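*Asks:* My structure is below; once you've seen it, I'll send some questions.
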Amino acid sequence: MRVRITYDCDVLVIGGGIVGLSTAYAITRAAPGTRVTVLEKEPGPARHQTGRNSGVIHSGIYYRPGSLKARYAVRGAAEMVKFCAEYGIPHAVTGKLIVATDRAELPRLHALVQRGRENGIPVRELGASQIAEYEPEVRGLAAIHVGTTGICDFVAVARQLAHGSGAEIRYGTRVVRVDRRPERGVAVLTAAGDVVRGRVLVNCAGLQCDEIARLTGDDPDMRIVPFRGEYYELARPELVRGLVYPVPDPAFPFLGVHLTRGIDGGVHVGPNAVPALAREGYGWGTVRPRELGSTLAWPGSWRIARRHWRYGAGELRRSLSKRAFTEAVGRLLPGVSEPDLVPTAAGVRAQAVLRDGTLVDDFLIREGARTVHVLNAPSPAATASLPIGREVARRALSAL
């Protein structure tokens, strides 16, 4: 006897950040009539990585040619500007400077020029005296200007994706259990005791994505190790016209402390990168022993610590000492002083780490039976969210 199942939806998306909502939007655009339900544990969209970043539309200059990050960031930046213009979402294409302040950084700066050109990004090389054309208060030995970088309101983008998707979006709905049966689909139990049934599950849970993967019975073979990024607001925003970045260390996926003038006219300074003591640990006072224990139990966490302890010590020092943070900013902006930096909201990066301690440096999407898991989508995922959403949607629709 064949059991007839009543499905609440065709595709069940867990996570109401910009990637989850872009996926829902892409599914209903590609296959009209597909029933999509999005479950988000927070009372509204984009409450974590999406809503706590610096609002930069990244050009794609940093990422390895041919990687998903490079392809999707370059494509996504152009699409994001067009999307914002179409729906009246605040945005601007500002360009940015990447500035070398030390001779040791010059080869890395030149490598970025080459990488940018390989990725099809227009780049202008600047000598020390030319930096003032763009940023009179910034000092450096050399710089590059990247014209396609911009800024926007990613929370507004997420809201528009939610509205435009036509999906049923259930806020305040936390998933506590998943029953996945390859021959039938998935049934999800929420903290409120409701059961939601779907034919295919898409995991866009960000900081919780590895936990959700394990609930489905799939072994993601990675862990999210959360890194908190702490920001300051510049009390004298007139010191910075646009976006100013240091030359990043290619050994890390972090871009270093930078200055970004946002859509609201304020200038954000940061972030650094320190281990968070909880998945959503936005300050040193937020400690969740179970989550911290899970991070410490993962072999990759200790291998990162052993391999990169010098880098980590510097980041920790800048977290605990405002003077040290100010000194780091002062290399780019000599006129800045401690009173110029006003603490503001922090963010947490959901960084996937492999068992051997490798920091996953590309977007990571994996499939299981009736499941698609987005397992690494930190920056520049907001920039790249429209292409990422289409790729995840393609896989989800194939699973149907």
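Every chain in the structure tokens has a letter given in the order shown (A, B, ...), and although residue numbers restart at 1 in each chain, ligands are simply numbered from 1 in the order shown.
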Quick one: everything within 7 Å of Val146 (chain A), counting only C-alpha atoms, minus sequence neighbours fewer than 6 positions away in the same chain. Send it as a ChimeraX atom specification.
*Replies:* /A:95-97,122-124
*Asks:* Based on DSSP run over this structure's backbone, return all residues of region 168-299 of chain A in strand (DSSP E or B), as a ChimeraX atom specification.
*Replies:* /A:168-171,175-181,185-190,195-203,223-234,243-246,258-261,267-270,274-275
*Asks:* Based on DSSP run over this structure's backbone, return all residues of region 63-286 of chain A in alpha helix (DSSP H), as number ranges by chain.
*Replies:* A: 68-87, 106-118, 131-134, 154-165, 209-216
*Asks:* Near region 98-113 of chain A, counting only C-alpha atoms, which residues have an atom at most 6 Å away, once you skip same-chain residues fewer than 6 positions from it, shown as a PyMOL selection string?
*Replies:* chain A and resi 140-144+245-247
*Asks:* Tell me which protein, DNA and RNA residues are within 10 Å of Pro65 (chain A), counting only C-alpha atoms, leaving out same-chain ones fewer than 2 positions away, and put them as a VMD selection string.
*Replies:* chain A and resid 60 to 63 67 to 71 115 to 120
*Asks:* Between A:Thr23, A:Val269, A:Val200, A:Ala297, which one has atoms that come closest to Gly164 (chain A), using only C-alpha atoms?
*Replies:* A:Thr23
*Asks:* Could you check the closest approach to Leu21 (chain A) for each of A:His91, A:His268, A:Arg170, A:Arg355 and tell me which residue wins, using only C-alpha atoms?
*Replies:*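 Of all the options, A:Arg170 lies closest to Leu21 (chain A).
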*Asks:* Skip Ser129 (chain A) itself and residues of its chain fewer than 3 positions away, then list as a list in words all residues within 12 Å of it, counting only C-alpha atoms.
*Replies:*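 Neighbouring residues, sequence-local ones excluded: Glu125, Leu126, Ala132, Glu133, Tyr134, Glu135, Pro136, Glu137, Val138, Arg139, Gly140, Leu141, Ala142 and Ala143 of chain A.
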